[in-house]
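Okay, protein.txt now, which holds compact mmCIF, C-alpha atoms and all ligand atoms:
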# COMPACT_ATOMS: atom_id res chain seq x y z
CA MET A 1 -14.87 123.75 103.35
CA THR A 2 -13.31 126.04 105.93
CA SER A 3 -14.07 125.89 109.65
CA THR A 4 -12.21 126.19 112.93
CA GLU A 5 -13.43 122.87 114.31
CA LEU A 6 -9.87 121.55 114.71
CA ALA A 7 -8.17 124.83 115.69
CA GLY A 8 -5.40 124.24 118.19
CA ALA A 9 -5.02 120.58 117.27
CA THR A 10 -1.91 119.07 115.76
CA ALA A 11 -2.53 116.26 113.26
CA LEU A 12 0.17 113.86 112.08
CA ILE A 13 -0.83 112.21 108.80
CA THR A 14 1.39 109.49 107.39
CA GLY A 15 1.53 109.13 103.63
CA ALA A 16 0.33 112.71 103.21
CA THR A 17 2.54 113.34 100.20
CA SER A 18 0.07 111.56 97.91
CA GLY A 19 -3.48 110.37 97.32
CA ILE A 20 -5.79 109.81 100.28
CA GLY A 21 -3.28 111.17 102.81
CA ARG A 22 -2.76 114.37 100.85
CA ALA A 23 -6.52 114.94 100.55
CA THR A 24 -6.87 114.32 104.29
CA ALA A 25 -4.11 116.82 105.03
CA LEU A 26 -5.90 119.50 103.01
CA SER A 27 -9.21 118.67 104.68
CA LEU A 28 -7.95 118.76 108.27
CA ALA A 29 -5.94 121.91 107.62
CA GLY A 30 -9.11 123.49 106.22
CA ARG A 31 -10.70 122.91 109.63
CA GLY A 32 -7.90 124.67 111.45
CA ALA A 33 -5.56 121.83 112.40
CA HIS A 34 -1.81 122.25 112.25
CA VAL A 35 -1.07 119.40 109.86
CA LEU A 36 2.19 117.50 109.89
CA VAL A 37 2.58 116.06 106.40
CA SER A 38 4.66 112.90 106.50
CA GLY A 39 6.27 110.72 103.85
CA ARG A 40 9.69 110.07 102.36
CA ASP A 41 9.46 112.31 99.29
CA ALA A 42 10.34 115.85 100.37
CA ALA A 43 9.37 117.37 97.03
CA ARG A 44 5.85 115.95 97.18
CA GLY A 45 5.68 116.83 100.88
CA ASP A 46 6.62 120.43 100.17
CA GLU A 47 3.97 120.59 97.44
CA THR A 48 1.28 119.50 99.91
CA VAL A 49 2.54 121.98 102.51
CA THR A 50 2.58 124.79 99.96
CA SER A 51 -1.00 123.99 98.90
CA ILE A 52 -2.16 124.17 102.52
CA ARG A 53 -0.28 127.37 103.31
CA SER A 54 -1.55 129.03 100.12
CA THR A 55 -5.08 128.83 101.51
CA GLY A 56 -4.08 130.13 104.94
CA GLY A 57 -3.64 126.75 106.60
CA LYS A 58 -0.84 125.63 108.88
CA ALA A 59 1.38 122.72 107.78
CA ASP A 60 4.90 121.35 107.99
CA PHE A 61 6.62 118.42 106.32
CA VAL A 62 8.22 115.80 108.51
CA ALA A 63 10.14 113.04 106.76
CA GLY A 64 10.22 109.44 107.82
CA ASP A 65 10.68 106.00 106.28
CA LEU A 66 8.03 103.85 107.93
CA GLY A 67 9.90 100.70 106.94
CA ASP A 68 12.58 101.60 109.52
CA ALA A 69 11.50 101.18 113.15
CA GLY A 70 14.04 103.71 114.41
CA ALA A 71 12.86 106.27 111.87
CA VAL A 72 9.25 105.73 112.98
CA ARG A 73 10.12 106.55 116.59
CA GLU A 74 12.12 109.56 115.40
CA LEU A 75 9.11 110.68 113.34
CA ALA A 76 6.93 110.59 116.45
CA ARG A 77 9.44 112.67 118.40
CA ALA A 78 9.83 115.17 115.56
CA ALA A 79 6.04 115.47 115.28
CA VAL A 80 5.69 116.30 118.96
CA ASP A 81 8.42 118.95 118.66
CA LEU A 82 6.94 120.49 115.49
CA GLY A 83 3.46 120.31 117.00
CA GLY A 84 4.36 122.53 119.93
CA GLY A 85 4.65 119.59 122.34
CA HIS A 86 1.50 117.74 121.41
CA VAL A 87 0.00 115.56 118.69
CA ASP A 88 -3.79 115.33 119.07
CA ILE A 89 -4.71 113.49 115.89
CA LEU A 90 -2.89 110.61 114.23
CA VAL A 91 -3.95 109.29 110.83
CA ASN A 92 -2.18 106.03 110.02
CA ASN A 93 -2.74 106.32 106.29
CA ALA A 94 0.55 105.37 104.62
CA GLY A 95 0.51 101.93 103.13
CA VAL A 96 2.01 99.72 100.49
CA PHE A 97 -0.21 97.43 98.48
CA PRO A 98 1.69 95.00 96.26
CA GLY A 99 -0.26 92.16 94.69
CA GLY A 100 0.82 88.75 93.50
CA PRO A 101 0.64 85.02 94.07
CA THR A 102 1.49 83.72 97.52
CA SER A 103 4.11 81.40 96.02
CA ALA A 104 5.95 84.39 94.51
CA THR A 105 5.98 86.38 97.75
CA SER A 106 9.38 86.50 99.45
CA ALA A 107 10.18 86.79 103.14
CA GLU A 108 11.50 90.28 102.40
CA ASP A 109 8.19 91.23 100.75
CA ILE A 110 6.30 90.05 103.83
CA ASP A 111 8.62 91.88 106.21
CA HIS A 112 8.34 95.14 104.25
CA VAL A 113 4.54 95.13 103.94
CA TYR A 114 4.10 94.29 107.61
CA ALA A 115 6.72 96.87 108.62
CA VAL A 116 4.96 99.72 106.82
CA ASN A 117 1.32 98.66 107.20
CA VAL A 118 1.36 97.18 110.72
CA ARG A 119 4.57 97.82 112.66
CA ALA A 120 4.74 101.54 111.87
CA PRO A 121 1.16 102.30 113.03
CA PHE A 122 1.81 100.13 116.09
CA LEU A 123 4.96 102.07 117.02
CA LEU A 124 3.35 105.46 116.31
CA VAL A 125 0.38 104.65 118.53
CA GLY A 126 2.76 103.42 121.24
CA GLU A 127 4.73 106.67 121.03
CA LEU A 128 1.83 109.13 120.75
CA ALA A 129 -1.33 107.67 122.31
CA PRO A 130 -0.11 107.65 125.94
CA ALA A 131 0.41 111.43 125.84
CA MET A 132 -3.04 111.87 124.28
CA ALA A 133 -4.46 109.73 127.08
CA ALA A 134 -2.63 111.79 129.69
CA ARG A 135 -4.22 114.95 128.24
CA GLY A 136 -7.61 113.20 128.16
CA HIS A 137 -8.34 113.58 124.46
CA GLY A 138 -7.16 112.49 121.04
CA ALA A 139 -8.28 110.83 117.84
CA ILE A 140 -6.59 108.11 115.81
CA VAL A 141 -7.80 106.85 112.44
CA ASN A 142 -6.32 103.82 110.69
CA VAL A 143 -6.76 103.45 106.94
CA LEU A 144 -7.67 99.87 106.05
CA THR A 145 -9.01 98.41 102.79
CA MET A 146 -12.06 96.46 101.70
CA ALA A 147 -9.54 93.74 100.76
CA ALA A 148 -9.15 93.06 104.51
CA ARG A 149 -12.80 91.94 104.65
CA PHE A 150 -12.81 89.06 102.19
CA GLY A 151 -10.40 86.83 100.33
CA MET A 152 -9.07 88.17 97.04
CA ALA A 153 -6.63 86.14 94.95
CA GLY A 154 -3.34 88.02 94.77
CA LEU A 155 -3.98 90.18 97.81
CA ALA A 156 -3.17 87.73 100.61
CA LEU A 157 -0.21 89.71 101.89
CA TYR A 158 -1.77 93.16 101.63
CA GLY A 159 -5.20 92.09 102.87
CA SER A 160 -3.78 90.24 105.85
CA SER A 161 -1.69 93.23 106.91
CA LYS A 162 -4.77 95.45 106.91
CA ALA A 163 -6.77 92.75 108.70
CA ALA A 164 -4.16 93.00 111.46
CA LEU A 165 -4.69 96.76 111.53
CA THR A 166 -8.45 96.17 111.78
CA LEU A 167 -7.98 94.22 114.99
CA LEU A 168 -5.50 96.78 116.27
CA THR A 169 -8.15 99.48 115.77
CA LYS A 170 -10.40 97.64 118.20
CA ALA A 171 -7.60 96.73 120.61
CA TRP A 172 -6.46 100.36 120.80
CA ALA A 173 -10.04 101.58 121.20
CA ALA A 174 -10.29 99.30 124.22
CA GLU A 175 -6.89 100.36 125.56
CA PHE A 176 -7.04 104.12 125.08
CA GLY A 177 -10.77 104.84 124.80
CA PRO A 178 -11.34 105.02 128.56
CA SER A 179 -8.79 107.87 128.64
CA GLY A 180 -10.62 109.90 126.00
CA VAL A 181 -8.68 108.78 122.94
CA ARG A 182 -11.02 107.65 120.17
CA VAL A 183 -9.58 105.05 117.78
CA ASN A 184 -11.46 104.27 114.57
CA ALA A 185 -10.80 103.20 111.00
CA VAL A 186 -11.88 103.89 107.44
CA SER A 187 -12.03 101.01 104.97
CA PRO A 188 -11.77 102.38 101.42
CA GLY A 189 -12.67 100.73 98.17
CA PRO A 190 -10.77 101.34 94.93
CA THR A 191 -9.67 104.97 94.82
CA ARG A 192 -7.91 106.93 92.09
CA THR A 193 -4.52 107.96 93.50
CA GLU A 194 -0.92 108.17 92.36
CA GLY A 195 -0.48 104.77 93.97
CA THR A 196 -3.23 103.04 91.98
CA ARG A 197 -2.53 104.78 88.66
CA PRO A 198 -0.14 101.99 87.53
CA LEU A 199 -2.99 99.49 87.96
CA GLY A 200 -4.88 101.10 85.06
CA ASP A 201 -8.18 99.43 84.17
CA GLN A 202 -7.98 97.05 87.13
CA VAL A 203 -9.20 99.86 89.39
CA ASP A 204 -12.33 100.36 87.28
CA GLN A 205 -12.93 96.62 87.00
CA LEU A 206 -12.75 96.18 90.75
CA ALA A 207 -14.90 99.24 91.36
CA ALA A 208 -17.53 97.92 88.92
CA LEU A 209 -18.28 95.08 91.35
CA ALA A 210 -19.66 97.52 93.95
CA PRO A 211 -23.08 99.25 93.88
CA ALA A 212 -21.45 102.64 93.22
CA GLY A 213 -19.84 101.16 90.10
CA ARG A 214 -16.94 103.60 90.02
CA PRO A 215 -13.70 104.29 91.88
CA ALA A 216 -13.62 106.92 94.63
CA VAL A 217 -11.67 110.13 94.48
CA PRO A 218 -9.31 110.71 97.44
CA GLU A 219 -11.50 113.51 98.81
CA GLU A 220 -14.34 111.02 99.39
CA ILE A 221 -12.13 108.93 101.69
CA ALA A 222 -10.70 112.05 103.34
CA ALA A 223 -14.23 113.20 104.17
CA ALA A 224 -14.82 110.05 106.21
CA ILE A 225 -11.50 110.44 108.04
CA THR A 226 -12.38 114.07 108.75
CA TYR A 227 -15.72 113.00 110.21
CA LEU A 228 -14.07 110.44 112.50
CA VAL A 229 -11.59 112.92 113.99
CA GLY A 230 -14.16 115.69 114.36
CA GLU A 231 -16.88 116.92 116.68
CA GLY A 232 -19.55 114.84 114.93
CA ALA A 233 -17.99 111.57 116.04
CA THR A 234 -17.43 112.08 119.77
CA PHE A 235 -19.30 108.83 120.63
CA VAL A 236 -17.76 106.76 117.82
CA GLN A 237 -15.06 104.41 119.09
CA GLY A 238 -13.55 101.22 117.67
CA ALA A 239 -15.58 101.57 114.47
CA VAL A 240 -14.67 100.60 110.94
CA LEU A 241 -16.37 102.95 108.49
CA ASP A 242 -16.67 101.33 105.05
CA VAL A 243 -16.18 103.88 102.29
CA ASP A 244 -16.15 101.43 99.43
CA GLY A 245 -19.11 102.33 97.24
CA GLY A 246 -21.16 99.61 98.92
CA ARG A 247 -18.88 96.68 98.11
CA ASN A 248 -19.13 95.48 101.73
CA ALA A 249 -22.88 94.99 101.24
CA THR A 250 -22.67 92.68 98.23
N1 LIG A 301 -6.09 103.84 96.54
C1 LIG A 301 -6.86 102.79 96.81
O1 LIG A 301 -7.57 102.24 95.93
C2 LIG A 301 -6.95 102.26 98.22
C3 LIG A 301 -7.97 101.38 98.54
C4 LIG A 301 -8.06 100.89 99.84
C5 LIG A 301 -7.12 101.27 100.78
N2 LIG A 301 -6.13 102.12 100.44
C6 LIG A 301 -5.16 102.48 101.47
O2 LIG A 301 -5.13 103.88 101.58
C7 LIG A 301 -3.83 104.32 101.95
C8 LIG A 301 -3.36 105.39 100.97
O3 LIG A 301 -3.42 104.85 99.67
P1 LIG A 301 -3.12 105.77 98.39
O4 LIG A 301 -3.72 105.08 97.23
O5 LIG A 301 -3.46 107.18 98.68
O6 LIG A 301 -1.52 105.60 98.31
P2 LIG A 301 -0.41 106.32 97.43
O7 LIG A 301 -0.96 107.32 96.49
O8 LIG A 301 0.46 105.22 96.88
O9 LIG A 301 0.41 107.06 98.57
C9 LIG A 301 1.05 106.29 99.53
C10 LIG A 301 1.61 107.20 100.59
O10 LIG A 301 2.30 106.37 101.56
C11 LIG A 301 3.61 106.85 101.71
N3 LIG A 301 4.53 105.74 101.94
C12 LIG A 301 4.63 104.58 101.25
N4 LIG A 301 5.64 103.85 101.73
C13 LIG A 301 6.19 104.56 102.75
C14 LIG A 301 7.29 104.35 103.61
N5 LIG A 301 8.05 103.24 103.57
N6 LIG A 301 7.58 105.31 104.53
C15 LIG A 301 6.84 106.44 104.59
N7 LIG A 301 5.80 106.70 103.80
C16 LIG A 301 5.50 105.77 102.87
C17 LIG A 301 3.93 107.59 100.42
O11 LIG A 301 4.84 108.63 100.71
P3 LIG A 301 6.30 108.78 100.07
O12 LIG A 301 6.27 108.21 98.69
O13 LIG A 301 6.56 110.26 100.13
O14 LIG A 301 7.18 108.03 101.01
C18 LIG A 301 2.60 108.19 100.03
O15 LIG A 301 2.39 109.44 100.65
C19 LIG A 301 -2.96 103.06 101.98
O16 LIG A 301 -2.84 102.59 103.29
C20 LIG A 301 -3.74 102.08 101.15
O17 LIG A 301 -3.47 100.73 101.52
C21 LIG A 301 -6.02 102.63 99.18
Would you write the structure of this file as structure tokens?
Ligand SMILES: NC(=O)c1ccc[n+]([C@@H]2O[C@H](COP(=O)([O-])OP(=O)(O)OC[C@H]3O[C@@H](n4cnc5c(N)ncnc54)[C@H](OP(=O)(O)O)[C@@H]3O)[C@@H](O)[C@H]2O)c1
Amino acid sequence: MTSTELAGATALITGATSGIGRATALSLAGRGAHVLVSGRDAARGDETVTSIRSTGGKADFVAGDLGDAGAVRELARAAVDLGGGHVDILVNNAGVFPGGPTSATSAEDIDHVYAVNVRAPFLLVGELAPAMAARGHGAIVNVLTMAARFGMAGLALYGSSKAALTLLTKAWAAEFGPSGVRVNAVSPGPTRTEGTRPLGDQVDQLAALAPAGRPAVPEEIAAAITYLVGEGATFVQGAVLDVDGGRNAT
């Protein structure tokens, strides 16, 4: 779909070199946003940028390792520069989702998952939301997971990190909402991406537990993110939109 709904807006999307983030980048660019595609892999980033530009959209790649706090702050500064002095939309999509028994989880594993899934969004919001608030508008979407809603054996670390991001969504809605910055979240169910491909049949087995009975494609999650940053959601704040094929209802 092509529209000009987001014309003039700059959107920083983390993890836009793959999967849900890439689909979101294409979607927001298709609505006129200048999309800043972020990730570590420049080749995949360039591929996303090229796809957007080939359809007349505006995009640039901005590298950053979200596991490094200094690099996260540098990413925010680079995004503002590339964005012509403003970032209006932030999609905290990048995430790591290792599974395994709690007893086999090391301190380093915990630090890494929390650095990428919690600390990086926290620092990006701290760097970018105040300027949005000063301008009186902005939209932030955090990408969660249905595994933050209930206990799943093997997903204690991942689920807990996204549960922290769930609370942060509400805390930031309370903090920045009065200044015109809407903060919301999307909670996906199993989705076919480069990141879940190594899981093979497990994705289908997990998806089979939900009413939809199948995994999502990235575009279905991107559509919800696009709604939350757009004109149709101007009164939606602090919400978690479940896009999980109905798993939350069962
Ligand atoms: N797919 C699912 O079934 C599912 C379900 C629920 C929630 N989610 C959530 O949705 C989000 C996207 O998932 P996905 O399946 O699309 O993931 P994916 O295909 O594995 O892509 C992950 C993205 O995150 C980036 N990333 C990972 N570690 C990073 C780091 N240290 N620094 C910077 N970027 C990093 C990757 O970029 P580079 O490799 O270029 O660095 C890549 O663009 C995640 O937050 C995930 O938890 C996914």
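For the set A:Thr50, A:Thr234, A:Thr166, A:Asn93, the residue with the smallest atom-to-atom gap to ligand LIG 301 (chain A) is A:Asn93, counting all atoms listed in the file.
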Tell me, counting only C-alpha atoms and all ligand atoms, for each residue of chain A within 8 Å of ligand LIG 301 (chain A), which pair of atoms is nearest and how far apart they are in Å to one decimal, in rows ordered by chain and increasing number, as a Markdown table.
| residue | atom | partner | partner_atom | distance |
| --- | --- | --- | --- | --- |
| A:Thr14 | CA | A:LIG301 | N7 | 6.3 |
| A:Gly15 | CA | A:LIG301 | O15 | 3.1 |
| A:Ala16 | CA | A:LIG301 | O15 | 4.6 |
| A:Thr17 | CA | A:LIG301 | O15 | 3.9 |
| A:Ser18 | CA | A:LIG301 | O15 | 4.2 |
| A:Gly19 | CA | A:LIG301 | O5 | 3.5 |
| A:Ile20 | CA | A:LIG301 | O5 | 3.9 |
| A:Gly21 | CA | A:LIG301 | O5 | 5.7 |
| A:Arg22 | CA | A:LIG301 | O15 | 7.1 |
| A:Ser38 | CA | A:LIG301 | N7 | 6.9 |
| A:Gly39 | CA | A:LIG301 | O13 | 3.8 |
| A:Arg40 | CA | A:LIG301 | O14 | 3.5 |
| A:Asp41 | CA | A:LIG301 | O13 | 3.6 |
| A:Ala42 | CA | A:LIG301 | O13 | 6.8 |
| A:Arg44 | CA | A:LIG301 | O13 | 6.4 |
| A:Gly45 | CA | A:LIG301 | O13 | 6.7 |
| A:Ala63 | CA | A:LIG301 | C15 | 7.7 |
| A:Gly64 | CA | A:LIG301 | C15 | 5.6 |
| A:Asp65 | CA | A:LIG301 | N6 | 3.6 |
| A:Leu66 | CA | A:LIG301 | N6 | 3.7 |
| A:Gly67 | CA | A:LIG301 | N5 | 4.6 |
| A:Asp68 | CA | A:LIG301 | N5 | 7.7 |
| A:Asn92 | CA | A:LIG301 | O16 | 7.6 |
| A:Asn93 | CA | A:LIG301 | O16 | 4.8 |
| A:Ala94 | CA | A:LIG301 | O10 | 3.7 |
| A:Gly95 | CA | A:LIG301 | O16 | 3.4 |
| A:Val96 | CA | A:LIG301 | C12 | 5.6 |
| A:Phe97 | CA | A:LIG301 | O17 | 5.5 |
| A:Val116 | CA | A:LIG301 | N5 | 5.7 |
| A:Asn117 | CA | A:LIG301 | O16 | 6.9 |
| A:Val143 | CA | A:LIG301 | O16 | 5.4 |
| A:Leu144 | CA | A:LIG301 | C5 | 5.5 |
| A:Thr145 | CA | A:LIG301 | C4 | 4.0 |
| A:Met146 | CA | A:LIG301 | C4 | 6.3 |
| A:Ala147 | CA | A:LIG301 | C4 | 7.4 |
| A:Tyr158 | CA | A:LIG301 | O17 | 7.8 |
| A:Lys162 | CA | A:LIG301 | O17 | 7.7 |
| A:Ser187 | CA | A:LIG301 | C5 | 6.5 |
| A:Pro188 | CA | A:LIG301 | C4 | 4.3 |
| A:Gly189 | CA | A:LIG301 | C3 | 4.8 |
| A:Pro190 | CA | A:LIG301 | O1 | 3.5 |
| A:Thr191 | CA | A:LIG301 | O1 | 3.6 |
| A:Arg192 | CA | A:LIG301 | N1 | 5.7 |
| A:Thr193 | CA | A:LIG301 | O7 | 4.7 |
| A:Glu194 | CA | A:LIG301 | O7 | 4.2 |
| A:Gly195 | CA | A:LIG301 | O8 | 3.1 |
| A:Thr196 | CA | A:LIG301 | N1 | 5.4 |
| A:Val203 | CA | A:LIG301 | O1 | 7.1 |
| A:Pro215 | CA | A:LIG301 | O1 | 7.6 |
| A:Ala216 | CA | A:LIG301 | O1 | 7.8 |
| A:Pro218 | CA | A:LIG301 | O5 | 6.9 |
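For the set A:Val243, A:Arg182, A:Ala59, A:Leu157, the residue with the smallest atom-to-atom gap to A:Glu219 is A:Val243, counting all atoms listed in the file.
Among the candidates A:Val141, A:Gly57, A:Val181, A:Ala134, the one nearest to A:Ile221 when counting only C-alpha atoms is A:Val141.
Closest approach to A:Asp111 among A:Arg214, A:Ile13, A:Ser161, A:Ala208 is made by A:Ser161 (distances from only C-alpha atoms).
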*asked:* Can you tell me which residues surround stretch 29-35 of chain A at a distance of at most 8 Å, considering only C-alpha atoms, apart from same-chain residues fewer than 3 positions away, and format the answer as an MDAnalysis selection string?
replied: chainID A and resid 1:13 25:26 52 57:60 83
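One distance worth recording is that between atom CA of A:Phe176 and atom CA of A:Ile89, which is 13.3 Å.
Rounded to one decimal, atom CA of A:Leu241 and atom CA of A:Leu168 lie 14.7 Å from each other.
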*For A:Val118, please output as a ChimeraX atom specification all residues within 7 Å (counting only C-alpha atoms; exclusion window: fewer than 3 positions along the same chain).*
/A:114-115,121-122,161,164-165
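Distance check against A:Ala129 using only C-alpha atoms: of A:Asp244, A:Asp204, A:Glu175, A:Glu220, the minimum falls on A:Glu175.
The closest residue to A:Thr105, picked from A:Gly136, A:Gly56, A:Gly154, A:Gly200 and counting all atoms listed in the file, is A:Gly154.
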*Give as number ranges by chain every residue, naming chains and numbers as the document does, that has an atom within 12 Å of (6.4, 116.3, 117.8), counting only C-alpha atoms.*
A: 10-12, 34-36, 38, 60-62, 72-90, 124, 127-128, 131
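What separates atom CA of A:Lys170 from atom CA of A:Ala224 is a distance of 17.8 Å.
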How about completing stretch 16-37 of chain A with N, CA, C and O atoms and giving it to me as a compact mmCIF listing (two decimals), in the frame of the given file?
# COMPACT_ATOMS: atom_id res chain seq x y z
N ALA A 16 1.08 111.51 103.60
CA ALA A 16 0.33 112.71 103.21
C ALA A 16 0.94 113.41 102.00
O ALA A 16 0.52 114.50 101.64
N THR A 17 1.93 112.76 101.40
CA THR A 17 2.54 113.34 100.20
C THR A 17 1.80 112.94 98.94
O THR A 17 2.17 113.33 97.83
N SER A 18 0.73 112.15 99.09
CA SER A 18 0.07 111.56 97.91
C SER A 18 -1.35 111.13 98.25
O SER A 18 -1.67 110.88 99.43
N GLY A 19 -2.20 111.07 97.24
CA GLY A 19 -3.48 110.37 97.32
C GLY A 19 -4.38 110.71 98.50
O GLY A 19 -4.68 111.88 98.78
N ILE A 20 -4.83 109.67 99.18
CA ILE A 20 -5.79 109.81 100.28
C ILE A 20 -5.19 110.64 101.41
O ILE A 20 -5.87 111.48 102.01
N GLY A 21 -3.92 110.42 101.72
CA GLY A 21 -3.28 111.17 102.81
C GLY A 21 -3.19 112.65 102.50
O GLY A 21 -3.42 113.50 103.37
N ARG A 22 -2.86 112.96 101.24
CA ARG A 22 -2.76 114.37 100.85
C ARG A 22 -4.13 115.04 100.96
O ARG A 22 -4.25 116.16 101.50
N ALA A 23 -5.16 114.37 100.47
CA ALA A 23 -6.52 114.94 100.55
C ALA A 23 -6.94 115.12 102.00
O ALA A 23 -7.62 116.10 102.34
N THR A 24 -6.55 114.20 102.86
CA THR A 24 -6.87 114.32 104.29
C THR A 24 -6.13 115.50 104.91
O THR A 24 -6.70 116.24 105.72
N ALA A 25 -4.88 115.68 104.52
CA ALA A 25 -4.11 116.82 105.03
C ALA A 25 -4.80 118.14 104.68
O ALA A 25 -4.96 119.03 105.53
N LEU A 26 -5.23 118.26 103.43
CA LEU A 26 -5.90 119.50 103.01
C LEU A 26 -7.21 119.68 103.77
O LEU A 26 -7.57 120.80 104.18
N SER A 27 -7.92 118.59 103.99
CA SER A 27 -9.21 118.67 104.68
C SER A 27 -9.05 119.07 106.14
O SER A 27 -9.75 119.97 106.64
N LEU A 28 -8.13 118.43 106.85
CA LEU A 28 -7.95 118.76 108.27
C LEU A 28 -7.37 120.16 108.44
O LEU A 28 -7.77 120.89 109.37
N ALA A 29 -6.48 120.55 107.55
CA ALA A 29 -5.94 121.91 107.62
C ALA A 29 -7.04 122.93 107.38
O ALA A 29 -7.08 124.01 108.00
N GLY A 30 -7.99 122.59 106.51
CA GLY A 30 -9.11 123.49 106.22
C GLY A 30 -10.04 123.66 107.41
O GLY A 30 -10.87 124.59 107.40
N ARG A 31 -9.90 122.78 108.40
CA ARG A 31 -10.70 122.91 109.63
C ARG A 31 -9.86 123.45 110.78
O ARG A 31 -10.26 123.36 111.94
N GLY A 32 -8.68 123.95 110.45
CA GLY A 32 -7.90 124.67 111.45
C GLY A 32 -6.79 123.89 112.11
O GLY A 32 -6.04 124.44 112.92
N ALA A 33 -6.64 122.61 111.78
CA ALA A 33 -5.56 121.83 112.40
C ALA A 33 -4.20 122.25 111.86
O ALA A 33 -4.08 122.65 110.69
N HIS A 34 -3.19 122.16 112.71
CA HIS A 34 -1.81 122.25 112.25
C HIS A 34 -1.44 120.85 111.77
O HIS A 34 -1.36 119.91 112.57
N VAL A 35 -1.25 120.72 110.46
CA VAL A 35 -1.07 119.40 109.86
C VAL A 35 0.42 119.12 109.65
O VAL A 35 1.15 119.92 109.08
N LEU A 36 0.83 117.97 110.12
CA LEU A 36 2.19 117.50 109.89
C LEU A 36 2.12 116.46 108.77
O LEU A 36 1.58 115.36 108.95
N VAL A 37 2.62 116.86 107.63
CA VAL A 37 2.58 116.06 106.40
C VAL A 37 3.78 115.13 106.40
O VAL A 37 4.92 115.59 106.40
